[in-house]
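Dumped input_38.cif below, it's mmCIF, C-alpha atoms:
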data_target
#
loop_
_atom_site.label_atom_id
_atom_site.label_comp_id
_atom_site.auth_asym_id
_atom_site.auth_seq_id
_atom_site.Cartn_x
_atom_site.Cartn_y
_atom_site.Cartn_z
CA MET A 22 114.09 25.23 73.59
CA GLN A 23 112.87 27.89 71.15
CA LYS A 24 110.44 29.18 73.77
CA ASN A 25 113.27 29.67 76.29
CA ASP A 26 115.38 31.44 73.65
CA ALA A 27 112.50 33.80 72.85
CA LEU A 28 111.95 34.53 76.56
CA ARG A 29 115.65 35.18 77.04
CA GLU A 30 115.73 37.50 74.02
CA GLU A 31 112.73 39.42 75.37
CA SER A 32 114.32 39.62 78.84
CA ASP A 33 117.62 40.75 77.30
CA TYR A 34 115.86 43.44 75.30
CA GLN A 35 114.07 44.78 78.42
CA ASP A 36 117.37 44.84 80.31
CA TYR A 37 119.04 46.49 77.30
CA LEU A 38 116.49 49.33 77.39
CA LEU A 39 117.29 49.88 81.07
CA LEU A 40 121.05 49.81 80.37
CA LYS A 41 120.60 52.11 77.36
CA SER A 42 118.83 54.75 79.47
CA ILE A 43 121.70 54.70 81.99
CA TYR A 44 124.24 54.70 79.12
CA ASP A 45 122.66 57.81 77.59
CA LYS A 46 122.49 59.62 80.94
CA ALA A 47 126.20 58.91 81.46
CA LYS A 48 126.92 60.28 77.95
CA GLU A 49 128.36 56.92 76.87
CA LYS A 50 131.14 57.13 79.46
CA ILE A 51 130.15 54.18 81.62
CA GLY A 52 131.49 50.64 81.86
CA TYR A 53 130.10 47.49 83.42
CA ARG A 54 131.12 48.53 86.95
CA GLY A 55 129.35 51.85 86.55
CA PHE A 56 126.27 50.06 85.18
CA TYR A 57 126.32 47.73 88.17
CA MET A 58 126.49 50.63 90.66
CA ALA A 59 123.69 52.47 88.85
CA LEU A 60 121.52 49.33 88.75
CA VAL A 61 121.95 48.72 92.49
CA ASP A 62 120.08 51.98 93.03
CA VAL A 63 117.37 51.21 90.45
CA LEU A 64 116.62 47.49 90.87
CA ASP A 65 115.56 45.60 93.99
CA GLN A 66 117.86 42.74 93.04
CA PRO A 67 121.06 43.84 91.25
CA MET A 68 121.95 42.41 87.86
CA ASN A 69 125.01 40.15 87.73
CA HIS A 70 128.11 41.87 86.35
CA LYS A 71 128.68 39.02 83.87
CA LYS A 72 125.18 39.53 82.46
CA ILE A 73 125.85 43.27 82.17
CA LEU A 74 129.06 42.52 80.23
CA ARG A 75 127.22 40.06 77.97
CA LEU A 76 124.48 42.61 77.20
CA MET A 77 127.03 45.36 76.61
CA ARG A 78 128.79 43.20 74.02
CA LYS A 79 125.54 42.00 72.47
CA PHE A 80 124.10 45.52 72.03
CA ASN A 81 127.43 47.35 71.46
CA LEU A 82 127.34 49.51 74.58
CA TYR A 83 131.01 50.40 74.91
CA ALA A 84 132.38 53.07 77.21
CA LYS A 85 134.10 56.01 75.55
CA VAL A 86 137.63 56.23 76.91
CA ARG A 87 139.21 59.65 77.11
CA ARG A 88 142.31 59.85 74.94
CA VAL A 89 145.56 60.94 76.50
CA ASN A 90 146.52 64.50 75.63
CA PRO A 91 149.98 64.21 73.99
CA TYR A 92 150.79 67.85 74.77
CA ARG A 93 150.18 67.61 78.51
CA HIS A 94 153.60 66.09 79.25
CA ILE A 95 155.34 68.74 77.15
CA ALA A 96 153.41 71.53 78.85
CA LYS A 97 154.35 70.20 82.28
CA ALA A 98 158.02 69.92 81.34
CA THR A 99 158.19 73.49 80.07
CA ALA A 100 155.85 75.00 82.65
CA SER A 101 156.72 78.53 83.61
CA HIS A 102 154.60 78.25 86.78
CA ARG A 103 156.82 75.88 88.72
CA ARG A 104 156.30 75.08 92.36
CA ILE A 105 159.04 76.04 94.78
CA PRO A 106 159.91 74.07 97.92
CA ASN A 107 158.12 74.77 101.19
CA HIS A 108 160.79 76.34 103.42
CA LEU A 109 158.38 77.34 106.19
CA ASN A 110 156.96 73.84 106.85
CA ARG A 111 153.98 75.26 108.77
CA GLU A 112 156.24 76.89 111.38
CA PHE A 113 154.03 79.97 111.69
CA ASN A 114 155.40 80.99 115.11
CA GLN A 115 158.36 83.23 114.32
CA ASP A 116 160.13 85.55 116.75
CA GLU A 117 161.90 87.91 114.37
CA PRO A 118 159.72 90.62 112.79
CA GLY A 119 160.26 91.00 109.06
CA LYS A 120 161.76 87.54 108.59
CA VAL A 121 158.65 85.70 107.36
CA PHE A 122 155.64 87.16 105.57
CA LEU A 123 152.47 85.32 104.54
CA THR A 124 150.47 86.34 101.50
CA ASP A 125 147.15 85.24 100.08
CA MET A 126 144.18 86.45 98.13
CA THR A 127 140.56 86.37 99.25
CA TYR A 128 137.25 86.93 97.49
CA LEU A 129 134.79 89.42 98.96
CA GLN A 130 131.16 89.25 97.82
CA TYR A 131 129.22 92.49 97.93
CA ARG A 132 126.24 94.35 96.48
CA GLY A 133 124.28 92.30 93.98
CA GLY A 134 126.67 89.36 93.67
CA GLN A 135 129.68 91.42 92.66
CA THR A 136 133.13 90.30 93.77
CA ALA A 137 136.14 92.22 95.02
CA TYR A 138 139.56 90.64 95.45
CA LEU A 139 141.82 91.41 98.40
CA SER A 140 145.51 90.56 98.28
CA CYS A 141 147.40 91.06 101.52
CA VAL A 142 150.76 90.40 103.17
CA LYS A 143 151.02 89.62 106.88
CA ASN A 144 154.11 89.77 109.09
CA VAL A 145 154.16 86.43 110.93
CA ALA A 146 155.97 87.64 114.06
CA THR A 147 153.81 90.73 114.70
CA ARG A 148 150.63 89.32 113.07
CA GLU A 149 150.22 92.70 111.40
CA ILE A 150 148.91 93.26 107.86
CA VAL A 151 151.77 95.23 106.31
CA ALA A 152 150.47 95.55 102.75
CA TYR A 153 147.22 95.04 100.88
CA ALA A 154 145.54 95.79 97.58
CA LEU A 155 141.89 95.68 96.59
CA SER A 156 140.66 95.11 93.04
CA THR A 157 137.54 94.20 91.08
CA THR A 158 139.54 91.95 88.74
CA LEU A 159 141.87 89.01 89.25
CA LYS A 160 144.68 90.46 87.16
CA MET A 161 148.31 90.05 88.20
CA SER A 162 148.47 93.78 88.89
CA ILE A 163 146.83 93.20 92.30
CA VAL A 164 149.78 91.04 93.39
CA TYR A 165 152.35 93.47 92.00
CA GLU A 166 150.61 96.35 93.80
CA THR A 167 150.65 94.42 97.09
CA LEU A 168 154.35 93.63 96.74
CA GLU A 169 155.05 97.26 95.86
CA GLN A 170 153.31 98.33 99.09
CA LEU A 171 155.36 95.76 101.03
CA ASN A 172 158.54 97.17 99.52
CA MET A 173 157.52 100.71 100.53
CA HIS A 174 156.62 99.50 104.04
CA LEU A 175 160.01 97.83 104.50
CA ASP A 176 161.75 100.95 103.15
CA GLY A 177 164.95 99.04 102.36
CA ASN A 178 165.14 97.42 105.83
CA LEU A 179 164.94 93.87 104.53
CA HIS A 180 165.88 90.96 106.81
CA LEU A 181 168.75 88.86 105.39
CA GLU A 182 166.61 85.69 105.53
CA ALA A 183 163.31 87.32 104.51
CA THR A 184 160.77 84.91 103.05
CA ILE A 185 157.33 85.44 101.54
CA HIS A 186 155.20 82.32 101.94
CA SER A 187 152.10 81.76 99.78
CA ASP A 188 149.70 78.97 98.91
CA GLN A 189 151.38 78.79 95.47
CA GLY A 190 148.16 79.52 93.63
CA PHE A 191 148.15 80.88 90.09
CA HIS A 192 149.01 84.43 91.12
CA TYR A 193 152.04 83.45 93.19
CA THR A 194 153.84 80.98 90.88
CA PRO A 195 154.99 83.08 87.88
CA PRO A 196 158.78 83.55 87.66
CA ALA A 197 158.41 87.34 88.09
CA ILE A 198 156.89 86.79 91.55
CA GLN A 199 159.31 84.10 92.68
#

Can you give me the file's structure in the form of structure tokens?
Amino acid sequence: MQKNDALREESDYQDYLLLKSIYDKAKEKIGYRGFYMALVDVLDQPMNHKKILRLMRKFNLYAKVRRVNPYRHIAKATASHRRIPNHLNREFNQDEPGKVFLTDMTYLQYRGGQTAYLSCVKNVATREIVAYALSTTLKMSIVYETLEQLNMHLDGNLHLEATIHSDQGFHYTPPAIQ
């Protein structure tokens, strides 16, 4: 009986070393299911999940659980960048020019890994780019400049049901833009 206990202890210790290496690679953020999935890749014959749990308890290998951020709920409730409803519903075929505009920002890579940012507004009915701005930074000024150009292009001839549709990314959700 003592011989079997010694063999089991030795086997447990060898398995512990294997689990410990996986545990350290995962930065202590792995549970028994994660161990099992990692061991399937390493071992020819996977280790039973109950054995993994037993070894975890025996050698104190507990997964670190991320704590809930208590301020996240408050930040969401008071968020200034609120989403607005989708009025266009992917109806991109419009007949009336100046009724619906699409806007977005794109990244342009050039010369030595540098990036330029292009913000543009497109008239859906005519498929014409009616305003654009180019910048080397992602500041809000690029959006304001594009909207200023759109305003100059329209020259006060604004459709009664005019809508600007965007992907609601960071640059298009502030209250000043909406």

Starting from the displayed file, determine the output of the PyMOL selection byres ((chain A and resi 185) around 9) and express the residue list as a list in words. Lys120, Val121, Phe122, Leu123, Thr124, Val142, Ala183, Thr184, His186 and Ser187 of chain A

Report as a VMD selection string the full result of the PyMOL selection byres ((chain A and resi 83) around 8) when it is applied to this structure. chain A and resid 49 51 to 52 77 to 78 81 to 82 84 to 85

Contact residues around region 149-165 of chain A with all atoms listed in the file at 12 Å, ignoring same-chain residues under 2 positions, as a PyMOL selection string: chain A and resi 118-119+121-131+135-147+167-176+187+190-195+197-199

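Residues lying within 10 Å of Phe80 (chain A), counting all atoms listed in the file and ignoring same-chain neighbours fewer than 5 positions away, are Asp33, Tyr34, Tyr37, Leu40, Lys41 and Arg75 of chain A.
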
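Note that the spacing between CA of Gln35 (chain A) and CA of Lys48 (chain A) amounts to 20.1 Å.
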
Taking N, CA and C atoms as the atom set, what does region 71-89 of chain A look like once completed, written as a PDB file, in the coordinates of the input?
ATOM      1  N   LYS A  71     128.402  39.785  85.090  1.00  0.00           N
ATOM      2  CA  LYS A  71     128.680  39.020  83.870  1.00  0.00           C
ATOM      3  C   LYS A  71     127.541  39.183  82.855  1.00  0.00           C
ATOM      4  N   LYS A  72     126.320  39.291  83.352  1.00  0.00           N
ATOM      5  CA  LYS A  72     125.180  39.530  82.460  1.00  0.00           C
ATOM      6  C   LYS A  72     125.281  40.933  81.859  1.00  0.00           C
ATOM      7  N   ILE A  73     125.687  41.906  82.679  1.00  0.00           N
ATOM      8  CA  ILE A  73     125.850  43.270  82.170  1.00  0.00           C
ATOM      9  C   ILE A  73     126.892  43.284  81.055  1.00  0.00           C
ATOM     10  N   LEU A  74     128.017  42.602  81.265  1.00  0.00           N
ATOM     11  CA  LEU A  74     129.060  42.520  80.230  1.00  0.00           C
ATOM     12  C   LEU A  74     128.539  41.860  78.958  1.00  0.00           C
ATOM     13  N   ARG A  75     127.776  40.767  79.131  1.00  0.00           N
ATOM     14  CA  ARG A  75     127.220  40.060  77.970  1.00  0.00           C
ATOM     15  C   ARG A  75     126.289  40.964  77.173  1.00  0.00           C
ATOM     16  N   LEU A  76     125.415  41.704  77.882  1.00  0.00           N
ATOM     17  CA  LEU A  76     124.480  42.610  77.200  1.00  0.00           C
ATOM     18  C   LEU A  76     125.217  43.778  76.553  1.00  0.00           C
ATOM     19  N   MET A  77     126.255  44.263  77.199  1.00  0.00           N
ATOM     20  CA  MET A  77     127.030  45.360  76.610  1.00  0.00           C
ATOM     21  C   MET A  77     127.650  44.917  75.280  1.00  0.00           C
ATOM     22  N   ARG A  78     128.188  43.707  75.265  1.00  0.00           N
ATOM     23  CA  ARG A  78     128.790  43.200  74.020  1.00  0.00           C
ATOM     24  C   ARG A  78     127.713  42.941  72.960  1.00  0.00           C
ATOM     25  N   LYS A  79     126.611  42.363  73.403  1.00  0.00           N
ATOM     26  CA  LYS A  79     125.540  42.000  72.470  1.00  0.00           C
ATOM     27  C   LYS A  79     124.939  43.236  71.800  1.00  0.00           C
ATOM     28  N   PHE A  80     124.749  44.315  72.564  1.00  0.00           N
ATOM     29  CA  PHE A  80     124.100  45.520  72.030  1.00  0.00           C
ATOM     30  C   PHE A  80     125.081  46.670  71.778  1.00  0.00           C
ATOM     31  N   ASN A  81     126.375  46.363  71.775  1.00  0.00           N
ATOM     32  CA  ASN A  81     127.430  47.350  71.460  1.00  0.00           C
ATOM     33  C   ASN A  81     127.369  48.598  72.344  1.00  0.00           C
ATOM     34  N   LEU A  82     127.305  48.395  73.630  1.00  0.00           N
ATOM     35  CA  LEU A  82     127.340  49.510  74.580  1.00  0.00           C
ATOM     36  C   LEU A  82     128.758  49.594  75.155  1.00  0.00           C
ATOM     37  N   TYR A  83     129.627  50.287  74.474  1.00  0.00           N
ATOM     38  CA  TYR A  83     131.010  50.400  74.910  1.00  0.00           C
ATOM     39  C   TYR A  83     131.279  51.772  75.496  1.00  0.00           C
ATOM     40  N   ALA A  84     132.045  51.807  76.564  1.00  0.00           N
ATOM     41  CA  ALA A  84     132.380  53.070  77.210  1.00  0.00           C
ATOM     42  C   ALA A  84     133.375  53.843  76.361  1.00  0.00           C
ATOM     43  N   LYS A  85     133.136  55.150  76.231  1.00  0.00           N
ATOM     44  CA  LYS A  85     134.100  56.010  75.550  1.00  0.00           C
ATOM     45  C   LYS A  85     135.251  56.254  76.521  1.00  0.00           C
ATOM     46  N   VAL A  86     136.451  56.014  76.076  1.00  0.00           N
ATOM     47  CA  VAL A  86     137.630  56.230  76.910  1.00  0.00           C
ATOM     48  C   VAL A  86     138.296  57.510  76.456  1.00  0.00           C
ATOM     49  N   ARG A  87     138.582  58.379  77.423  1.00  0.00           N
ATOM     50  CA  ARG A  87     139.210  59.650  77.110  1.00  0.00           C
ATOM     51  C   ARG A  87     140.632  59.394  76.609  1.00  0.00           C
ATOM     52  N   ARG A  88     140.958  60.008  75.479  1.00  0.00           N
ATOM     53  CA  ARG A  88     142.310  59.850  74.940  1.00  0.00           C
ATOM     54  C   ARG A  88     143.297  60.684  75.738  1.00  0.00           C
ATOM     55  N   VAL A  89     144.507  60.212  75.811  1.00  0.00           N
ATOM     56  CA  VAL A  89     145.560  60.940  76.500  1.00  0.00           C
ATOM     57  C   VAL A  89     145.958  62.142  75.662  1.00  0.00           C
TER      58      VAL A  89
END
